[in-house]
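A.B. asks: Enclosed is the structure file upload29.pdb (PDB, C-alpha atoms).
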ATOM      1  CA  MET A1098     -47.617  39.092  29.379
ATOM      2  CA  ILE A1099     -44.944  37.967  31.791
ATOM      3  CA  LEU A1100     -44.881  34.178  31.863
ATOM      4  CA  ILE A1101     -43.033  32.276  34.585
ATOM      5  CA  PHE A1102     -41.186  29.002  33.937
ATOM      6  CA  SER A1103     -39.412  27.518  36.946
ATOM      7  CA  ASP A1104     -38.629  24.368  38.899
ATOM      8  CA  PHE A1105     -39.582  25.941  42.240
ATOM      9  CA  GLY A1106     -42.698  23.841  42.781
ATOM     10  CA  VAL A1107     -45.777  24.889  44.756
ATOM     11  CA  ILE A1108     -44.443  23.969  48.206
ATOM     12  CA  GLY A1109     -42.264  26.507  49.990
ATOM     13  CA  PRO A1110     -41.732  30.240  49.545
ATOM     14  CA  TYR A1111     -39.824  30.436  46.269
ATOM     15  CA  SER A1112     -42.565  30.623  43.637
ATOM     16  CA  GLY A1113     -44.592  33.067  45.709
ATOM     17  CA  ALA A1114     -41.630  35.272  46.553
ATOM     18  CA  MET A1115     -40.566  35.628  42.920
ATOM     19  CA  ARG A1116     -44.111  36.159  41.711
ATOM     20  CA  ALA A1117     -44.642  38.841  44.389
ATOM     21  CA  VAL A1118     -41.682  40.795  43.012
ATOM     22  CA  VAL A1119     -43.184  40.620  39.525
ATOM     23  CA  HIS A1120     -46.590  41.857  40.697
ATOM     24  CA  ARG A1121     -45.046  44.649  42.760
ATOM     25  CA  ASN A1122     -42.822  45.875  39.938
ATOM     26  CA  ALA A1123     -45.275  45.394  37.063
ATOM     27  CA  PRO A1124     -48.776  45.647  38.571
ATOM     28  CA  ASP A1125     -50.442  46.528  35.265
ATOM     29  CA  ILE A1126     -49.041  43.583  33.302
ATOM     30  CA  THR A1127     -50.698  40.175  33.193
ATOM     31  CA  VAL A1128     -48.602  37.496  34.904
ATOM     32  CA  CYS A1129     -49.048  33.796  34.131
ATOM     33  CA  ASP A1130     -47.433  30.781  35.779
ATOM     34  CA  LEU A1131     -46.570  28.774  32.680
ATOM     35  CA  MET A1132     -45.199  26.028  34.919
ATOM     36  CA  VAL A1133     -43.506  25.829  38.299
ATOM     37  CA  ASP A1134     -42.577  22.137  38.070
ATOM     38  CA  ALA A1135     -40.002  22.193  35.281
ATOM     39  CA  PRO A1136     -37.469  19.339  35.545
ATOM     40  CA  ASP A1137     -35.839  19.737  38.941
ATOM     41  CA  ARG A1138     -32.392  21.410  38.685
ATOM     42  CA  ASN A1139     -32.155  20.089  35.133
ATOM     43  CA  PRO A1140     -31.478  22.825  32.534
ATOM     44  CA  ARG A1141     -30.906  20.213  29.819
ATOM     45  CA  ALA A1142     -34.343  18.573  29.990
ATOM     46  CA  SER A1143     -35.947  21.960  30.671
ATOM     47  CA  ALA A1144     -34.411  23.427  27.517
ATOM     48  CA  TYR A1145     -36.362  21.052  25.266
ATOM     49  CA  LEU A1146     -39.565  21.554  27.238
ATOM     50  CA  LEU A1147     -39.284  25.351  27.164
ATOM     51  CA  ALA A1148     -38.671  25.310  23.417
ATOM     52  CA  ALA A1149     -41.819  23.226  22.874
ATOM     53  CA  LEU A1150     -43.869  25.568  25.065
ATOM     54  CA  SER A1151     -42.686  28.600  23.085
ATOM     55  CA  ARG A1152     -45.589  28.055  20.675
ATOM     56  CA  GLU A1153     -47.737  29.708  23.381
ATOM     57  CA  PHE A1154     -45.783  32.982  23.303
ATOM     58  CA  GLN A1155     -46.327  36.104  21.229
ATOM     59  CA  PRO A1156     -43.920  38.909  20.315
ATOM     60  CA  ARG A1157     -43.197  41.276  23.229
ATOM     61  CA  ASP A1158     -44.026  38.604  25.810
ATOM     62  CA  VAL A1159     -41.402  38.237  28.537
ATOM     63  CA  VAL A1160     -40.676  34.743  29.844
ATOM     64  CA  LEU A1161     -39.033  34.629  33.271
ATOM     65  CA  CYS A1162     -37.125  31.337  33.343
ATOM     66  CA  VAL A1163     -35.432  29.976  36.450
ATOM     67  CA  VAL A1164     -33.954  26.488  36.429
ATOM     68  CA  ASP A1165     -30.664  27.441  37.976
ATOM     69  CA  PRO A1166     -28.619  24.866  39.909
ATOM     70  CA  GLY A1167     -25.510  27.038  39.381
ATOM     71  CA  VAL A1168     -26.966  30.136  41.067
ATOM     72  CA  GLY A1169     -24.239  32.240  42.652
ATOM     73  CA  SER A1170     -21.496  30.728  40.481
ATOM     74  CA  GLN A1171     -19.680  32.335  37.555
ATOM     75  CA  ARG A1172     -22.576  31.618  35.186
ATOM     76  CA  ARG A1173     -24.052  34.818  33.786
ATOM     77  CA  GLY A1174     -27.573  36.113  33.696
ATOM     78  CA  ILE A1175     -28.806  36.789  30.171
ATOM     79  CA  VAL A1176     -31.700  38.134  28.146
ATOM     80  CA  VAL A1177     -32.370  36.203  24.950
ATOM     81  CA  GLU A1178     -34.700  37.691  22.336
ATOM     82  CA  CYS A1179     -35.955  34.974  19.996
ATOM     83  CA  ASP A1180     -38.412  35.972  17.258
ATOM     84  CA  GLY A1181     -39.613  38.958  19.283
ATOM     85  CA  VAL A1182     -40.086  37.119  22.598
ATOM     86  CA  PHE A1183     -37.807  37.972  25.529
ATOM     87  CA  TYR A1184     -36.420  35.257  27.809
ATOM     88  CA  VAL A1185     -34.730  36.206  31.067
ATOM     89  CA  GLY A1186     -32.698  33.751  33.108
ATOM     90  CA  PRO A1187     -29.379  31.978  33.657
ATOM     91  CA  ASP A1188     -26.809  31.281  30.951
ATOM     92  CA  ASN A1189     -26.623  27.546  31.617
ATOM     93  CA  GLY A1190     -28.047  26.064  28.414
ATOM     94  CA  LEU A1191     -31.680  26.638  29.350
ATOM     95  CA  PHE A1192     -32.208  28.720  26.186
ATOM     96  CA  GLU A1193     -30.022  26.597  23.876
ATOM     97  CA  ILE A1194     -32.804  24.833  21.975
ATOM     98  CA  LEU A1195     -34.823  28.045  21.630
ATOM     99  CA  ILE A1196     -31.781  29.733  20.116
ATOM    100  CA  ARG A1197     -31.207  26.887  17.643
ATOM    101  CA  ARG A1198     -34.815  26.890  16.461
ATOM    102  CA  SER A1199     -35.374  30.646  16.257
ATOM    103  CA  LYS A1200     -35.339  32.630  13.027
ATOM    104  CA  THR A1201     -33.907  35.749  14.681
ATOM    105  CA  CYS A1202     -31.967  35.861  17.925
ATOM    106  CA  ARG A1203     -30.138  38.385  20.089
ATOM    107  CA  VAL A1204     -28.331  37.517  23.323
ATOM    108  CA  ARG A1205     -27.421  40.109  25.964
ATOM    109  CA  VAL A1206     -25.752  39.725  29.339
ATOM    110  CA  ILE A1207     -27.419  41.285  32.397
ATOM    111  CA  ASN A1208     -25.189  43.969  33.925
ATOM    112  CA  TRP A1209     -27.768  45.083  36.504
ATOM    113  CA  HIS A1210     -26.987  43.729  39.972
ATOM    114  CA  PRO A1211     -28.662  45.277  43.039
ATOM    115  CA  GLU A1212     -26.471  45.593  46.119
ATOM    116  CA  ASN A1213     -28.791  43.492  48.271
ATOM    117  CA  ALA A1214     -29.104  40.567  45.838
ATOM    118  CA  SER A1215     -28.983  37.175  47.508
ATOM    119  CA  ALA A1216     -26.267  34.800  46.308
ATOM    120  CA  SER A1217     -28.793  31.950  46.160
ATOM    121  CA  PHE A1218     -31.999  33.554  44.797
ATOM    122  CA  HIS A1219     -31.265  35.402  41.561
ATOM    123  CA  GLY A1220     -34.750  34.536  40.327
ATOM    124  CA  ARG A1221     -36.266  36.882  42.889
ATOM    125  CA  ASP A1222     -33.524  39.512  43.125
ATOM    126  CA  ILE A1223     -32.213  39.849  39.557
ATOM    127  CA  PHE A1224     -34.216  37.985  36.918
ATOM    128  CA  ALA A1225     -37.692  39.009  38.126
ATOM    129  CA  PRO A1226     -36.914  42.764  38.297
ATOM    130  CA  VAL A1227     -35.177  42.651  34.902
ATOM    131  CA  ALA A1228     -38.154  40.848  33.363
ATOM    132  CA  CYS A1229     -40.420  43.606  34.686
ATOM    133  CA  MET A1230     -38.198  46.374  33.306
ATOM    134  CA  ILE A1231     -38.254  44.785  29.868
ATOM    135  CA  ALA A1232     -42.015  44.224  29.966
ATOM    136  CA  LYS A1233     -42.594  47.883  30.895
ATOM    137  CA  GLY A1234     -40.160  49.166  28.268
ATOM    138  CA  GLU A1235     -37.820  50.628  30.870
ATOM    139  CA  PRO A1236     -34.057  50.845  30.351
ATOM    140  CA  VAL A1237     -31.980  48.084  31.896
ATOM    141  CA  ALA A1238     -28.227  47.577  31.875
ATOM    142  CA  LEU A1239     -27.602  44.907  29.244
ATOM    143  CA  GLY A1240     -24.486  44.162  27.235
ATOM    144  CA  ASP A1241     -24.527  42.586  23.777
ATOM    145  CA  ILE A1242     -22.608  39.353  23.420
ATOM    146  CA  ASP A1243     -22.073  37.195  20.378
ATOM    147  CA  VAL A1244     -24.434  34.226  20.294
ATOM    148  CA  GLY A1245     -21.384  31.999  19.880
ATOM    149  CA  LEU A1246     -19.874  33.286  23.127
ATOM    150  CA  ARG A1247     -22.792  32.241  25.317
ATOM    151  CA  TYR A1248     -22.656  29.159  27.472
ATOM    152  CA  VAL A1249     -22.087  26.208  25.130
ATOM    153  CA  PRO A1250     -23.586  22.956  26.443
ATOM    154  CA  PRO A1251     -21.917  19.617  25.826
ATOM    155  CA  GLN A1252     -21.997  18.327  22.271
ATOM    156  CA  SER A1253     -24.210  15.522  23.554
ATOM    157  CA  TRP A1254     -27.130  17.977  23.494
ATOM    158  CA  PRO A1255     -28.799  16.966  20.197
ATOM    159  CA  ASP A1256     -31.405  18.987  18.324
ATOM    160  CA  GLU A1257     -34.010  16.518  19.639
ATOM    161  CA  LEU A1258     -33.674  14.464  22.819
ATOM    162  CA  SER A1259     -34.649  10.776  22.869
ATOM    163  CA  GLU A1260     -35.373  10.837  26.573
ATOM    164  CA  ILE A1261     -38.211  11.526  28.967
ATOM    165  CA  ILE A1262     -38.035  15.225  29.821
ATOM    166  CA  TYR A1263     -41.211  15.675  31.873
ATOM    167  CA  ILE A1264     -43.777  13.588  33.761
ATOM    168  CA  ASP A1265     -47.137  15.245  34.281
ATOM    169  CA  SER A1266     -49.515  14.690  37.190
ATOM    170  CA  TYR A1267     -51.266  11.878  35.297
ATOM    171  CA  GLY A1268     -48.034   9.955  34.795
ATOM    172  CA  ASN A1269     -47.794  10.767  31.085
ATOM    173  CA  LEU A1270     -44.232  10.894  29.750
ATOM    174  CA  MET A1271     -43.151  13.752  27.484
ATOM    175  CA  THR A1272     -40.067  13.135  25.378
ATOM    176  CA  GLY A1273     -37.730  15.633  23.774
ATOM    177  CA  LEU A1274     -38.663  14.336  20.312
ATOM    178  CA  LEU A1275     -40.634  16.529  17.926
ATOM    179  CA  ALA A1276     -43.751  14.866  16.519
ATOM    180  CA  ALA A1277     -45.150  16.223  13.281
ATOM    181  CA  PRO A1278     -48.894  16.368  12.553
ATOM    182  CA  GLY A1279     -50.091  12.931  11.503
ATOM    183  CA  TRP A1280     -47.565  11.240  13.805
ATOM    184  CA  GLN A1281     -49.988   8.342  14.360
ATOM    185  CA  ASN A1282     -49.898   7.508  10.655
ATOM    186  CA  ARG A1283     -46.114   7.072  10.416
ATOM    187  CA  ASN A1284     -46.209   3.499  11.753
ATOM    188  CA  LEU A1285     -43.388   4.107  14.228
ATOM    189  CA  LYS A1286     -42.625   1.810  17.130
ATOM    190  CA  LEU A1287     -41.435   3.361  20.403
ATOM    191  CA  LEU A1288     -39.263   1.313  22.731
ATOM    192  CA  ILE A1289     -39.029   2.183  26.418
ATOM    193  CA  ASN A1290     -37.397  -0.017  29.051
ATOM    194  CA  GLY A1291     -37.747  -3.083  26.866
ATOM    195  CA  GLN A1292     -41.409  -2.542  26.006
ATOM    196  CA  SER A1293     -42.725  -1.705  22.546
ATOM    197  CA  LEU A1294     -45.553   0.743  21.872
ATOM    198  CA  SER A1295     -47.524   1.587  18.753
ATOM    199  CA  PRO A1296     -48.749   5.077  17.862
ATOM    200  CA  ALA A1297     -52.276   6.384  18.328
ATOM    201  CA  ARG A1298     -54.039   9.686  17.819
ATOM    202  CA  THR A1299     -55.336  10.090  21.382
ATOM    203  CA  PHE A1300     -56.286   8.180  24.534
ATOM    204  CA  SER A1301     -59.729   7.039  23.436
ATOM    205  CA  ASP A1302     -58.285   5.381  20.336
ATOM    206  CA  VAL A1303     -56.799   2.551  22.431
ATOM    207  CA  ALA A1304     -58.259   0.137  24.994
ATOM    208  CA  LEU A1305     -58.379   0.977  28.697
ATOM    209  CA  GLY A1306     -55.022   0.251  30.276
ATOM    210  CA  GLN A1307     -53.186   0.116  26.940
ATOM    211  CA  GLY A1308     -49.961   2.029  26.410
ATOM    212  CA  PHE A1309     -49.214   4.037  23.274
ATOM    213  CA  HIS A1310     -47.277   7.054  22.006
ATOM    214  CA  TYR A1311     -48.764  10.094  20.324
ATOM    215  CA  ARG A1312     -48.242  13.714  19.284
ATOM    216  CA  ASN A1313     -49.177  15.780  22.323
ATOM    217  CA  SER A1314     -50.676  19.259  22.463
ATOM    218  CA  ILE A1315     -47.305  21.040  22.232
ATOM    219  CA  GLY A1316     -45.966  18.936  19.377
ATOM    220  CA  LEU A1317     -43.813  16.464  21.310
ATOM    221  CA  CYS A1318     -43.885  12.679  21.240
ATOM    222  CA  GLU A1319     -45.514  11.560  24.483
ATOM    223  CA  VAL A1320     -45.970   8.135  26.064
ATOM    224  CA  ALA A1321     -49.254   7.433  27.839
ATOM    225  CA  VAL A1322     -51.593   4.734  29.116
ATOM    226  CA  ASN A1323     -55.333   5.144  28.610
ATOM    227  CA  CYS A1324     -56.693   5.803  32.136
ATOM    228  CA  GLY A1325     -53.415   4.645  33.671
ATOM    229  CA  ARG A1326     -49.971   5.904  34.643
ATOM    230  CA  ALA A1327     -47.255   5.439  32.044
ATOM    231  CA  ASP A1328     -44.490   6.265  34.530
ATOM    232  CA  GLN A1329     -45.478   3.294  36.665
ATOM    233  CA  ALA A1330     -46.341   0.978  33.777
ATOM    234  CA  PHE A1331     -42.957   1.448  32.113
ATOM    235  CA  GLY A1332     -40.776   2.194  35.148
ATOM    236  CA  ALA A1333     -39.801   5.555  33.677
ATOM    237  CA  GLU A1334     -38.367   8.755  35.109
ATOM    238  CA  ILE A1335     -36.860  11.941  33.693
ATOM    239  CA  GLY A1336     -33.828  10.862  31.701
ATOM    240  CA  THR A1337     -35.183   7.437  30.707
ATOM    241  CA  ALA A1338     -34.186   6.721  27.106
ATOM    242  CA  VAL A1339     -36.703   6.057  24.357
ATOM    243  CA  PHE A1340     -36.035   4.672  20.886
ATOM    244  CA  ILE A1341     -38.091   5.205  17.736
ATOM    245  CA  LYS A1342     -37.948   2.856  14.757
ATOM    246  CA  PRO A1343     -40.289   1.748  11.942
ATOM    247  CA  GLN A1344     -42.608  -1.124  12.748
ATOM    248  CA  ASN A1345     -42.190  -4.294  10.750
TER     249      ASN A1345
END
Output the file's structure in the form of structure tokens.

C.D. replies:
Amino acid sequence: MILIFSDFGVIGPYSGAMRAVVHRNAPDITVCDLMVDAPDRNPRASAYLLAALSREFQPRDVVLCVVDPGVGSQRRGIVVECDGVFYVGPDNGLFEILIRRSKTCRVRVINWHPENASASFHGRDIFAPVACMIAKGEPVALGDIDVGLRYVPPQSWPDELSEIIYIDSYGNLMTGLLAAPGWQNRNLKLLINGQSLSPARTFSDVALGQGFHYRNSIGLCEVAVNCGRADQAFGAEIGTAVFIKPQN
């Protein structure tokens, strides 16, 4: 499969234009929009979200990833192969958490640049065609680089991020914290904007309108309100800090 991860949204031409290139160049390969509402121009938050979503991928899948506020700058385009899955996109830290968590990893710089490539839409003109070439097993101009020579994000990028990294359409708040199975049994208190929440297994385990935190379907700690909007209840947005500590 070719899976698409971007912050383009559903309004405007960008998602459709990039997807059209993929279909035209790889008509026999299944294409899936993994998500088109990744954190807006935010490679840091997107890096933790992409790493959590990687559980959905299988070896030989190609993931076309475009969260690229530095498009047209000196940042490189790269192909990262982590545990048999290929990721194509900008070298801006978007793949940092994937690289840290992978068992095997190879990073290559994209040396293929069509003459008519737009300075502001590398997703359509460079990354999408390269993703198709890789998915079809065709040769593409790539240069090996040492993993240590890739873009290195600030040291403030921890292995897990105690912040909100995504708000879904229901107002649920995904954090960059990994939550192990049985999270609800660890008796951990979550603090967000001065409010304290206890853990639960799922929505129906708490009263209507009650807030809680839980292990979501991709293994992250998530903040929610049963039949309500956690973003409104807790005044949260992407980047809002959360704190975890044992309950007394």

A.B. asks: Any idea what the distance is between atom CA of A:Met1132 and atom CA of A:Asp1158?

C.D. replies: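 For atom CA of A:Met1132 relative to atom CA of A:Asp1158, the distance reads 15.6 Å.
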
A.B. asks: Looking at A:Cys1129, A:Val1244, A:Lys1286, A:Ile1223, which one is nearest to A:Cys1179, with distances taken over only C-alpha atoms?

C.D. replies: A:Val1244

A.B. asks: When you count only C-alpha atoms, which of these residues is closest to A:Leu1147: A:His1219, A:Arg1198, A:His1120, A:Arg1173?

C.D. replies: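 So, comparing all the options, the nearest one is A:Arg1198.
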
A.B. asks: Nearest residue to A:His1310 out of A:Gln1281, A:Ile1207, A:Ala1338, A:Asp1265, using all atoms listed in the file?

C.D. replies: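 Answer, going by the shortest atom-to-atom distance: A:Gln1281.
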
A.B. asks: I'd like to know which of A:Val1133, A:Ala1297, A:Ile1099, A:Ala1232 is closest to A:Asn1284, using only C-alpha atoms.

C.D. replies: A:Ala1297

A.B. asks: Determine, counting all atoms listed in the file, which protein, DNA and RNA residues have an atom within 10 Å of an atom of A:Ser1217; residues of the same chain fewer than 4 positions away are not included. Present the result as a ChimeraX atom specification.

C.D. replies: /A:1165-1170,1221-1222

A.B. asks: Go ahead and compute the interatomic distance for atom CA of A:Leu1294 and atom CA of A:Gly1332, in Å to one decimal.

C.D. replies: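 According to the coordinates, atom CA of A:Leu1294 and atom CA of A:Gly1332 are separated by 14.2 Å.
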
A.B. asks: Care to translate the PyMOL selection byres ((chain A and resi 1313) around 12) into actual residues of this file, as a PyMOL selection string?

C.D. replies: chain A and resi 1149-1150+1269-1281+1296-1300+1309-1312+1314-1321

A.B. asks: Find the residues with any atom within 10 Å of (-34.3, 37.2, 29.8); use all atoms listed in the file and the coordinates as given in the file, and write the answer as a VMD selection string.

C.D. replies: chain A and resid 1159 to 1163 1174 to 1178 1182 to 1188 1192 1204 to 1207 1224 to 1225 1227 to 1228 1231

A.B. asks: Leaving out A:Tyr1111 and any residue of its chain fewer than 5 positions from it, which residues lie within 9 Å of it when counting all atoms listed in the file, given as a list in words?

C.D. replies: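 Final neighbour list, sorted by chain and number: Phe1105, Gly1106, Arg1116, Phe1218, Gly1220 and Arg1221 of chain A.
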